[in-house]
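Below is one structure, written out as structure tokens, with a few remarks after it.
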Amino acid sequence: MGENQITEQLDHAEMRGYVRALLEDVHALERMLAEGLFETGVRRIGAEQELFLVDSNLRPKASVLQVLKALEGLPFTTELAQFNLELNLSPQSFGGDCLARLERELEDLLGQARKAAAGEDAQIVMCGILPTLEKMHLGIEWMTPIPRYYQLNRSMVAMRNGKFDAAIKGIDEFYLSHDNVMLEACNTSFQVHWQCDPDDYPRMYNIAQLVTAPLLACAVNSPVLMGNRLWHETRVALFQQSVDTRSEVMAQRGSRSRVNFGERWLQKSILEIFREDVARFRSLIAVAPEESPNEVLDRGGIPLLKALRLHNGTVYRWNRPCYGMLGGKPHLRIENRILPAGPTVADELANAAFFFGMMCALPEEFGDVRRTMSFDDAKNNLTTAARYGLHSKLRWLKGKTIATEELLLKHLVPLAEQGLRASKIDAGDIDRHFGVLRERIERGQTGSQWVLDSYTELGDQGKKKDRFRSIASAMKRHQEDGLPVARWPLATFEPTAGDPGSFRSVEQVMTSDVFTVHPEDLVDLAASLMDWEHLRYVPVEDKDGKLVGLLSWRAVLRMVSRGDADEGVPVRELMEEQPVTIGPEASTLEAIQRMREHSISCLPVVNSDGRLVGIVTEHDFMELSATLLERWLSSK
């Protein structure tokens, strides 16, 4: 959104003033288009890079403000969460060594970001969704303390009645009901920009829409969310749900989500998109109105259209229309937001080169795509590519279904390469970037496939969170080495380094995949479960997931020893009805003290609503103690 001067609380009159300014900006844009005030005959490219800040155990670290202080004067900025960092690359005239210039600047800025992060005991990781993210990192205290983020959160929470639900199914299933907008912070991307003339904008925008699915299919890098293996590009589903401001009634009647692909091909002008978005989506944040844009135009100036640009920053089209200014001249561009961050700079530049090449070649090769492809097919292709990556099949021109790998290698990659050559991009850069792209497709090893295969290879070593930490560690190491993801060896298991930050809270130690029974279940069922899974305790929950008791193996043995065993005994007759519990945010030290105080070896973990979210046992603390002891001994 890029606008810091935002009032935290706006009354109705101030909001109406902002909306008037927004409408005036739309009218001014229409006038500028009619009067031919935009820069033409110039093609530029650009990019934005989003990053994760992590600690020594590859977990999110809330240090963005400190890191930014060390990067003062450089093109870095904040994102929603304190563990995210964004850098903006300089616009480049399209031609010659523009890709090399883009790559050098990105490598240089990443190097400076890594150095600044190291000064705060932090590290940089590039990936669409960090494998070590947990729900605890989505509390409001992790939000970057800047007014526009707080106002955005308040507005969205009010529109959703305080509840954001996310549900995604893949290999595993993910469901989360959350009370703020921080789910958005799970996503990071590598956004690429393409400047084009106003008269050519509809044709170019439609091409960008057409190629978004195959572009994503070979670039997927976000298969895991909070320990669950979901879509090959889970960002697509998660981002849409995380900032969905529709009420239940609006969703039922088909109102569009703020994160969307659109509903139709663009016909005549960029104005179609801006008008539709202003009409469909309420303003979430606002700035005080400034000088009338029409008055600026009347005296021969160029308005900033600040209200329109701010509103546009709260509507998240996968291909976002952008109004900008460079050297005092206004221009229009397409911001493609589909690409995930990472896995390496080499992979990101290969993805960007592929997109730019398709934008060069396909308008001439395909003509008016409105006549050769259904928009619904283009839209559905995006979801298919996000779910399955290179394993997908896409419905292409004239309704032909084709395997994505074949579409890429036999058709789109050669065309994109020809497009860059015709645009006189340096041949060496073309060969290098398309070599990276082809190798990734031919080997079938995208960033997502590498993560999924690494997880399978790790088997049952350690806990699940330790396996994902090992994957994140290997990811960071390979990124710094710069080897494209197609050549990465699978991750190997790395025992935790024993950083105290990795087990300060109960949530970091507890087991969340818990076997439970209901009060009316048979004790025989519970006993069999305990025997099969080698459990000493089983939490008892009601149909709403609220903890109502705890059944111990000792209680079952006591019943048997007394000769009271009966085929019809329900769990409620043996369970402890008011077990000692603890919250997920409590410290591990508090958990240990509570277990010692009550002479117990198990604590059910419940949230503020009394719902079971996990369990922590003395065995968990034995493992933790062993880790700390090993670390202490190795330091001697």
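Going by the structure tokens order, chains are called A, B, ..., each with residues numbered from 1, while ligands are numbered from 1 in the order shown.
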(message) Show me, as a VMD selection string, the residues that have an atom within 7 Å of region 251-259 of chain A when counting only C-alpha atoms, minus same-chain residues fewer than 3 positions from it.
(response) chain A and resid 239 to 240 243 to 244 246 to 248 315 to 317
(message) Neighbouring residues of Glu50 (chain A) were defined as those with any atom within 10 Å, considering only C-alpha atoms; residues of the same chain fewer than 4 positions away were excluded. Please report them as a VMD selection string.
(response) chain A and resid 76 to 79 84 to 88 125 to 128 187 to 191 340 to 342
(request) Identify which of the residues A:Ala100, A:Met182, A:Ile592, A:Ile171 lies closest to Gln82 (chain A), counting only C-alpha atoms when measuring atom-to-atom distances. (result)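 Distance minimum relative to Gln82 (chain A) lands on A:Met182.
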Using only C-alpha atoms, which protein or nucleic acid residues come within 12 Å of region 139-152 of chain A? Drop anything in the same chain fewer than 6 positions from it, and give the result as a PDB file with N, CA and C atoms, in the first residue's frame.
```pdb
ATOM      1  N   MET A   1       0.811  -1.201   0.000  1.00  0.00           N
ATOM      2  CA  MET A   1       0.000   0.000   0.000  1.00  0.00           C
ATOM      3  C   MET A   1       0.847   1.254   0.000  1.00  0.00           C
ATOM      4  N   GLY A   2       1.997   1.199   0.646  1.00  0.00           N
ATOM      5  CA  GLY A   2       3.000   2.234   0.499  1.00  0.00           C
ATOM      6  C   GLY A   2       2.626   3.604   0.986  1.00  0.00           C
ATOM      7  N   GLU A   3       1.663   3.755   1.856  1.00  0.00           N
ATOM      8  CA  GLU A   3       1.258   5.080   2.315  1.00  0.00           C
ATOM      9  C   GLU A   3       1.243   5.102   3.835  1.00  0.00           C
ATOM     10  N   ASN A   4       2.151   5.882   4.434  1.00  0.00           N
ATOM     11  CA  ASN A   4       2.275   5.904   5.883  1.00  0.00           C
ATOM     12  C   ASN A   4       1.401   6.964   6.543  1.00  0.00           C
ATOM     13  N   GLN A   5       1.099   8.053   5.839  1.00  0.00           N
ATOM     14  CA  GLN A   5       0.393   9.165   6.459  1.00  0.00           C
ATOM     15  C   GLN A   5      -1.113   8.887   6.478  1.00  0.00           C
ATOM     16  N   ILE A   6      -1.490   7.962   7.341  1.00  0.00           N
ATOM     17  CA  ILE A   6      -2.883   7.532   7.425  1.00  0.00           C
ATOM     18  C   ILE A   6      -3.364   7.724   8.849  1.00  0.00           C
ATOM     19  N   THR A   7      -4.559   8.304   8.988  1.00  0.00           N
ATOM     20  CA  THR A   7      -5.150   8.491  10.298  1.00  0.00           C
ATOM     21  C   THR A   7      -5.663   7.150  10.818  1.00  0.00           C
ATOM     22  N   GLU A   8      -5.384   6.868  12.082  1.00  0.00           N
ATOM     23  CA  GLU A   8      -5.771   5.564  12.620  1.00  0.00           C
ATOM     24  C   GLU A   8      -7.282   5.411  12.726  1.00  0.00           C
ATOM     25  N   GLN A   9      -8.000   6.478  13.096  1.00  0.00           N
ATOM     26  CA  GLN A   9      -9.454   6.410  13.220  1.00  0.00           C
ATOM     27  C   GLN A   9     -10.067   7.511  12.357  1.00  0.00           C
ATOM     28  N   LEU A  10     -10.956   7.167  11.468  1.00  0.00           N
ATOM     29  CA  LEU A  10     -11.637   8.137  10.624  1.00  0.00           C
ATOM     30  C   LEU A  10     -13.122   8.145  10.962  1.00  0.00           C
ATOM     31  N   PRO A  60      10.041 -17.560  12.542  1.00  0.00           N
ATOM     32  CA  PRO A  60       9.866 -16.128  12.299  1.00  0.00           C
ATOM     33  C   PRO A  60      10.443 -15.278  13.421  1.00  0.00           C
ATOM     34  N   LYS A  61      11.060 -14.180  13.048  1.00  0.00           N
ATOM     35  CA  LYS A  61      11.637 -13.266  14.035  1.00  0.00           C
ATOM     36  C   LYS A  61      11.112 -11.852  13.799  1.00  0.00           C
ATOM     37  N   ALA A  62      10.559 -11.252  14.831  1.00  0.00           N
ATOM     38  CA  ALA A  62       9.926  -9.932  14.725  1.00  0.00           C
ATOM     39  C   ALA A  62      10.972  -8.835  14.873  1.00  0.00           C
ATOM     40  N   SER A  63      11.762  -8.633  13.833  1.00  0.00           N
ATOM     41  CA  SER A  63      12.848  -7.655  13.940  1.00  0.00           C
ATOM     42  C   SER A  63      12.924  -6.709  12.751  1.00  0.00           C
ATOM     43  N   VAL A  64      11.813  -6.543  12.019  1.00  0.00           N
ATOM     44  CA  VAL A  64      11.881  -5.758  10.791  1.00  0.00           C
ATOM     45  C   VAL A  64      12.250  -4.301  11.046  1.00  0.00           C
ATOM     46  N   LEU A  65      11.750  -3.702  12.112  1.00  0.00           N
ATOM     47  CA  LEU A  65      12.035  -2.289  12.346  1.00  0.00           C
ATOM     48  C   LEU A  65      13.515  -2.062  12.651  1.00  0.00           C
ATOM     49  N   GLN A  66      14.115  -2.988  13.395  1.00  0.00           N
ATOM     50  CA  GLN A  66      15.541  -2.876  13.695  1.00  0.00           C
ATOM     51  C   GLN A  66      16.380  -3.095  12.433  1.00  0.00           C
ATOM     52  N   LEU A  68      15.389  -2.549   9.336  1.00  0.00           N
ATOM     53  CA  LEU A  68      15.202  -1.391   8.454  1.00  0.00           C
ATOM     54  C   LEU A  68      16.046  -0.202   8.887  1.00  0.00           C
ATOM     55  N   THR A  77      11.255  -1.700   2.704  1.00  0.00           N
ATOM     56  CA  THR A  77      10.107  -1.195   3.442  1.00  0.00           C
ATOM     57  C   THR A  77       9.485  -2.315   4.261  1.00  0.00           C
ATOM     58  N   THR A  78       8.474  -1.959   5.040  1.00  0.00           N
ATOM     59  CA  THR A  78       7.798  -2.930   5.903  1.00  0.00           C
ATOM     60  C   THR A  78       6.733  -3.690   5.140  1.00  0.00           C
ATOM     61  N   GLU A  79       6.290  -4.768   5.748  1.00  0.00           N
ATOM     62  CA  GLU A  79       5.097  -5.475   5.326  1.00  0.00           C
ATOM     63  C   GLU A  79       4.207  -5.625   6.563  1.00  0.00           C
ATOM     64  N   LEU A  80       3.120  -6.378   6.430  1.00  0.00           N
ATOM     65  CA  LEU A  80       2.139  -6.477   7.510  1.00  0.00           C
ATOM     66  C   LEU A  80       2.748  -7.002   8.805  1.00  0.00           C
ATOM     67  N   ALA A  81       3.591  -8.034   8.712  1.00  0.00           N
ATOM     68  CA  ALA A  81       4.150  -8.662   9.912  1.00  0.00           C
ATOM     69  C   ALA A  81       5.567  -8.175  10.176  1.00  0.00           C
ATOM     70  N   GLN A  82       5.965  -8.223  11.425  1.00  0.00           N
ATOM     71  CA  GLN A  82       7.308  -7.811  11.803  1.00  0.00           C
ATOM     72  C   GLN A  82       8.372  -8.813  11.364  1.00  0.00           C
ATOM     73  N   PHE A  83       7.945  -9.964  10.837  1.00  0.00           N
ATOM     74  CA  PHE A  83       8.927 -10.925  10.336  1.00  0.00           C
ATOM     75  C   PHE A  83       9.014 -10.898   8.810  1.00  0.00           C
ATOM     76  N   ASN A  84       8.384  -9.906   8.184  1.00  0.00           N
ATOM     77  CA  ASN A  84       8.462  -9.744   6.734  1.00  0.00           C
ATOM     78  C   ASN A  84       9.215  -8.476   6.370  1.00  0.00           C
ATOM     79  N   LEU A  85       9.908  -8.523   5.247  1.00  0.00           N
ATOM     80  CA  LEU A  85      10.668  -7.380   4.735  1.00  0.00           C
ATOM     81  C   LEU A  85      10.450  -7.324   3.232  1.00  0.00           C
ATOM     82  N   ALA A 158     -14.032  -5.672  11.341  1.00  0.00           N
ATOM     83  CA  ALA A 158     -15.414  -5.201  11.453  1.00  0.00           C
ATOM     84  C   ALA A 158     -16.287  -5.788  10.352  1.00  0.00           C
ATOM     85  N   MET A 159     -15.745  -5.885   9.130  1.00  0.00           N
ATOM     86  CA  MET A 159     -16.523  -6.407   8.003  1.00  0.00           C
ATOM     87  C   MET A 159     -16.757  -7.909   8.132  1.00  0.00           C
ATOM     88  N   HIS A 178      -9.572 -17.511  12.797  1.00  0.00           N
ATOM     89  CA  HIS A 178      -8.661 -16.534  13.401  1.00  0.00           C
ATOM     90  C   HIS A 178      -9.391 -15.215  13.618  1.00  0.00           C
ATOM     91  N   ASP A 179      -8.815 -14.375  14.490  1.00  0.00           N
ATOM     92  CA  ASP A 179      -9.508 -13.145  14.863  1.00  0.00           C
ATOM     93  C   ASP A 179      -8.866 -11.877  14.303  1.00  0.00           C
ATOM     94  N   ASN A 180      -7.915 -12.008  13.383  1.00  0.00           N
ATOM     95  CA  ASN A 180      -7.323 -10.821  12.777  1.00  0.00           C
ATOM     96  C   ASN A 180      -6.847 -11.146  11.368  1.00  0.00           C
ATOM     97  N   VAL A 181      -6.268 -10.146  10.715  1.00  0.00           N
ATOM     98  CA  VAL A 181      -5.915 -10.268   9.309  1.00  0.00           C
ATOM     99  C   VAL A 181      -4.504 -10.815   9.091  1.00  0.00           C
ATOM    100  N   MET A 182      -3.843 -11.260  10.164  1.00  0.00           N
ATOM    101  CA  MET A 182      -2.439 -11.655  10.061  1.00  0.00           C
ATOM    102  C   MET A 182      -2.198 -12.928   9.246  1.00  0.00           C
ATOM    103  N   LEU A 183      -3.232 -13.660   8.897  1.00  0.00           N
ATOM    104  CA  LEU A 183      -3.038 -14.797   7.994  1.00  0.00           C
ATOM    105  C   LEU A 183      -2.393 -14.352   6.687  1.00  0.00           C
ATOM    106  N   GLU A 184      -2.667 -13.101   6.297  1.00  0.00           N
ATOM    107  CA  GLU A 184      -2.069 -12.575   5.069  1.00  0.00           C
ATOM    108  C   GLU A 184      -0.544 -12.594   5.142  1.00  0.00           C
ATOM    109  N   ALA A 185       0.004 -12.430   6.350  1.00  0.00           N
ATOM    110  CA  ALA A 185       1.454 -12.336   6.518  1.00  0.00           C
ATOM    111  C   ALA A 185       2.170 -13.650   6.281  1.00  0.00           C
ATOM    112  N   CYS A 186       1.422 -14.746   6.123  1.00  0.00           N
ATOM    113  CA  CYS A 186       2.049 -16.038   5.828  1.00  0.00           C
ATOM    114  C   CYS A 186       2.615 -16.075   4.409  1.00  0.00           C
ATOM    115  N   VAL A 243      -7.806 -12.373   3.391  1.00  0.00           N
ATOM    116  CA  VAL A 243      -8.276 -10.985   3.315  1.00  0.00           C
ATOM    117  C   VAL A 243      -9.667 -10.911   2.692  1.00  0.00           C
ATOM    118  N   THR A 245     -13.169 -10.053   2.847  1.00  0.00           N
ATOM    119  CA  THR A 245     -13.974  -9.185   3.709  1.00  0.00           C
ATOM    120  C   THR A 245     -15.474  -9.396   3.517  1.00  0.00           C
ATOM    121  N   ARG A 282     -15.512  -1.700  -0.716  1.00  0.00           N
ATOM    122  CA  ARG A 282     -15.506  -0.533   0.172  1.00  0.00           C
ATOM    123  C   ARG A 282     -14.081  -0.145   0.526  1.00  0.00           C
ATOM    124  N   SER A 283     -13.897   1.125   0.798  1.00  0.00           N
ATOM    125  CA  SER A 283     -12.585   1.607   1.220  1.00  0.00           C
ATOM    126  C   SER A 283     -12.284   1.088   2.623  1.00  0.00           C
ATOM    127  N   LEU A 284     -11.085   0.568   2.807  1.00  0.00           N
ATOM    128  CA  LEU A 284     -10.666   0.025   4.097  1.00  0.00           C
ATOM    129  C   LEU A 284      -9.834   1.015   4.892  1.00  0.00           C
ATOM    130  N   ILE A 285      -9.018   1.785   4.193  1.00  0.00           N
ATOM    131  CA  ILE A 285      -8.170   2.784   4.825  1.00  0.00           C
ATOM    132  C   ILE A 285      -8.275   4.055   4.000  1.00  0.00           C
ATOM    133  N   ALA A 286      -7.834   5.156   4.549  1.00  0.00           N
ATOM    134  CA  ALA A 286      -8.028   6.426   3.851  1.00  0.00           C
ATOM    135  C   ALA A 286      -6.926   7.409   4.181  1.00  0.00           C
ATOM    136  N   VAL A 287      -6.766   8.380   3.291  1.00  0.00           N
ATOM    137  CA  VAL A 287      -5.888   9.519   3.525  1.00  0.00           C
ATOM    138  C   VAL A 287      -6.716  10.778   3.398  1.00  0.00           C
ATOM    139  N   LEU A 310      -4.210   4.301  -3.288  1.00  0.00           N
ATOM    140  CA  LEU A 310      -4.369   3.678  -1.975  1.00  0.00           C
ATOM    141  C   LEU A 310      -5.469   2.622  -2.014  1.00  0.00           C
ATOM    142  N   HIS A 311      -6.590   2.953  -2.625  1.00  0.00           N
ATOM    143  CA  HIS A 311      -7.679   1.981  -2.737  1.00  0.00           C
ATOM    144  C   HIS A 311      -7.236   0.772  -3.546  1.00  0.00           C
ATOM    145  N   GLY A 313      -4.423  -0.488  -3.703  1.00  0.00           N
ATOM    146  CA  GLY A 313      -3.543  -1.321  -2.883  1.00  0.00           C
ATOM    147  C   GLY A 313      -4.275  -2.227  -1.926  1.00  0.00           C
ATOM    148  N   THR A 314      -5.600  -2.089  -1.808  1.00  0.00           N
ATOM    149  CA  THR A 314      -6.388  -2.964  -0.934  1.00  0.00           C
ATOM    150  C   THR A 314      -7.293  -3.893  -1.732  1.00  0.00           C
ATOM    151  N   GLU A 585      -0.030 -20.165  24.988  1.00  0.00           N
ATOM    152  CA  GLU A 585       0.906 -19.037  25.066  1.00  0.00           C
ATOM    153  C   GLU A 585       1.729 -19.049  26.353  1.00  0.00           C
TER     154      GLU A 585
END
```
(message) Just list as a ChimeraX atom specification whatever in region 47-274 of chain A DSSP marks as helix (DSSP H, G or I).
(response) /A:64-70,98-118,135-138,140-142,147-159,181-186,201-217,234-242,248-252,271-274
(request) Go through A:Leu210, A:Ala288, A:Met530, A:Gln267 one by one, measure the shortest atom-to-atom distance of each to Leu397 (chain A) using only C-alpha atoms, and give the residue with the smallest value. (result)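 Using only C-alpha atoms, the shortest distance to Leu397 (chain A) belongs to A:Leu210.
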(message) So that I can see what lies close to Leu332 (chain A), please list as a list of chain:residue names the residues with an atom at most 9 Å from it, counting only C-alpha atoms and leaving out residues fewer than 2 positions away in the same chain.
(response)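 That gives A:Phe38, A:Glu39, A:Trp194, A:Gln195, A:Cys196, A:Asp197, A:Pro198, A:Tyr201, A:Ile270, A:Pro321, A:Cys322, A:Tyr323, A:Gly324, A:Met325, A:Pro330, A:Ile334.
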(message) Using DSSP secondary structure from the backbone, list all strand (DSSP E) positions within region 170-305 of chain A, as a PyMOL selection string.
(response) chain A and resi 173-178+190-196+224-225+228-229+259-260
Residue subset to file, keeping N, CA and C atoms, as a CSV table (one decimal), in the first residue's frame:
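Written out: out-v8.csv:
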```
chain,number,residue,atom,x,y,z
A,173,GLU,N,-5.1,-31.7,5.6
A,173,GLU,CA,-6.2,-30.7,5.6
A,173,GLU,C,-5.9,-29.6,6.6
A,174,PHE,N,-6.2,-28.4,6.3
A,174,PHE,CA,-5.9,-27.2,7.2
A,174,PHE,C,-7.2,-26.5,7.4
A,175,TYR,N,-7.5,-26.2,8.7
A,175,TYR,CA,-8.6,-25.4,9.0
A,175,TYR,C,-8.2,-24.5,10.2
A,176,LEU,N,-8.5,-23.2,10.1
A,176,LEU,CA,-8.2,-22.3,11.1
A,176,LEU,C,-9.2,-21.2,11.2
A,177,SER,N,-9.7,-20.9,12.3
A,177,SER,CA,-10.5,-19.7,12.6
A,177,SER,C,-9.7,-18.7,13.4
A,178,HIS,N,-9.6,-17.5,12.8
A,178,HIS,CA,-8.7,-16.5,13.4
A,178,HIS,C,-9.4,-15.2,13.6
A,190,PHE,N,7.3,-12.7,-5.3
A,190,PHE,CA,8.2,-11.9,-6.1
A,190,PHE,C,7.4,-11.4,-7.2
A,191,GLN,N,7.0,-10.1,-7.1
A,191,GLN,CA,6.1,-9.5,-8.0
A,191,GLN,C,6.8,-8.8,-9.2
A,192,VAL,N,6.4,-9.0,-10.4
A,192,VAL,CA,7.0,-8.4,-11.6
A,192,VAL,C,6.1,-7.4,-12.2
A,193,HIS,N,6.7,-6.4,-12.8
A,193,HIS,CA,6.0,-5.3,-13.4
A,193,HIS,C,6.3,-5.1,-14.9
A,194,TRP,N,5.3,-4.8,-15.6
A,194,TRP,CA,5.4,-4.6,-17.1
A,194,TRP,C,4.7,-3.4,-17.5
A,195,GLN,N,5.4,-2.4,-18.0
A,195,GLN,CA,4.8,-1.1,-18.4
A,195,GLN,C,4.4,-1.2,-19.9
A,196,CYS,N,3.2,-0.7,-20.2
A,196,CYS,CA,2.7,-0.7,-21.6
A,196,CYS,C,1.9,0.5,-21.9
A,224,VAL,N,3.4,-26.0,1.9
A,224,VAL,CA,3.2,-26.3,3.3
A,224,VAL,C,2.7,-25.1,4.1
A,225,LEU,N,1.8,-25.3,5.0
A,225,LEU,CA,1.3,-24.3,5.9
A,225,LEU,C,1.0,-24.9,7.2
A,228,ASN,N,1.1,-28.6,7.5
A,228,ASN,CA,0.2,-29.3,6.6
A,228,ASN,C,0.6,-29.2,5.1
A,229,ARG,N,0.6,-30.3,4.4
A,229,ARG,CA,1.0,-30.3,3.0
A,229,ARG,C,-0.3,-30.1,2.2
A,259,VAL,N,-9.2,-10.7,-3.2
A,259,VAL,CA,-8.2,-11.4,-3.9
A,259,VAL,C,-8.9,-12.2,-5.0
A,260,ASN,N,-8.7,-11.7,-6.3
A,260,ASN,CA,-9.4,-12.4,-7.4
A,260,ASN,C,-8.7,-12.3,-8.7
```
(request) Tell me which protein, DNA and RNA residues are within 7 Å of region 105-122 of chain A, counting only C-alpha atoms, leaving out same-chain ones fewer than 5 positions away, and put them as a list in words. (result)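 Skipping anything fewer than 5 positions along the chain leaves Leu53, Val54, Asp55, Ser56, Lys61, Val67, Ala70, Leu71 and Leu89 of chain A.
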Just write the chosen residues, C-alpha atoms, as a compact mmCIF listing (two decimals), in the first residue's frame.
```
# COMPACT_ATOMS: atom_id res chain seq x y z
CA LEU A 53 13.13 -12.78 8.74
CA VAL A 54 13.95 -15.83 10.88
CA ASP A 55 15.96 -16.67 13.99
CA SER A 56 18.75 -19.24 14.29
CA LYS A 61 11.64 -13.27 14.04
CA VAL A 67 16.70 -4.32 10.37
CA ALA A 70 20.34 -0.59 9.51
CA LEU A 71 19.11 -0.38 5.89
CA LEU A 89 14.00 -2.91 -7.46
```
(request) Grab the CA of Trp231 (chain A) to CA of Leu415 (chain A) distance for me, in Å with one decimal place. (result)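 Interatomic distance here is 28.2 Å.
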(message) If we count only C-alpha atoms and set the cut-off at 10 Å, which residues sit around Gln418 (chain A), ignoring sequence neighbours fewer than 4 positions away in its own chain? Please answer as a list in words.
(response)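 My list of contacting residues is Gly357, Met358, Cys360, Ala361, Leu412, Val413, Pro414, Ala422, Ser423, Lys424 and Ile430 of chain A.
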(request) List the neighbours of Ala213 (chain A) out to 8 Å using only C-alpha atoms; skip same-chain residues closer than 5 positions along the sequence, and give me the result as a VMD selection string. (result) chain A and resid 378 381 to 386
Those selected residues, please, written with N, CA and C atoms and delivered as a short mmCIF file (atom, residue, chain, number, x, y, z; two decimals), in the first residue's frame.
```
data_model
loop_
_atom_site.label_atom_id
_atom_site.label_comp_id
_atom_site.auth_asym_id
_atom_site.auth_seq_id
_atom_site.Cartn_x
_atom_site.Cartn_y
_atom_site.Cartn_z
N ALA A 378 -9.36 -19.74 -18.47
CA ALA A 378 -8.16 -19.09 -17.95
C ALA A 378 -8.22 -18.99 -16.42
N ASN A 381 -7.84 -22.47 -14.90
CA ASN A 381 -6.45 -22.92 -15.04
C ASN A 381 -5.59 -22.47 -13.87
N LEU A 382 -5.87 -21.26 -13.37
CA LEU A 382 -5.07 -20.75 -12.25
C LEU A 382 -5.22 -21.64 -11.02
N THR A 383 -6.45 -22.00 -10.69
CA THR A 383 -6.68 -22.87 -9.53
C THR A 383 -6.04 -24.23 -9.75
N THR A 384 -6.16 -24.77 -10.97
CA THR A 384 -5.57 -26.08 -11.28
C THR A 384 -4.06 -26.04 -11.13
N ALA A 385 -3.41 -25.00 -11.67
CA ALA A 385 -1.96 -24.87 -11.56
C ALA A 385 -1.53 -24.72 -10.11
N ALA A 386 -2.30 -23.97 -9.32
CA ALA A 386 -1.96 -23.78 -7.91
C ALA A 386 -2.07 -25.08 -7.13
#
```
(request) Quote the spacing between CA of Glu520 (chain A) and CA of Arg572 (chain A) in Å to one decimal place. (result)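 Spanning CA of Glu520 (chain A) to CA of Arg572 (chain A) is a straight-line distance of 6.4 Å.
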(message) From the options A:Phe94, A:Leu230, A:Arg44, A:Leu349, which residue's atoms come nearest to Asp426 (chain A), counting only C-alpha atoms?
(response) A:Phe94
(request) Could you please determine the separation between CA of Ala167 (chain A) and CA of Gln241 (chain A) in Å, to one decimal place? (result)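 CA of Ala167 (chain A) sits 8.2 Å away from CA of Gln241 (chain A).
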(message) Just checking: using only C-alpha atoms, which residue out of A:Ile338, A:Ala219, A:Leu535, A:Ile471 ends up closest to Asp453 (chain A)?
(response)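 Once distances to Asp453 (chain A) are computed over only C-alpha atoms, the minimum belongs to A:Ile471.
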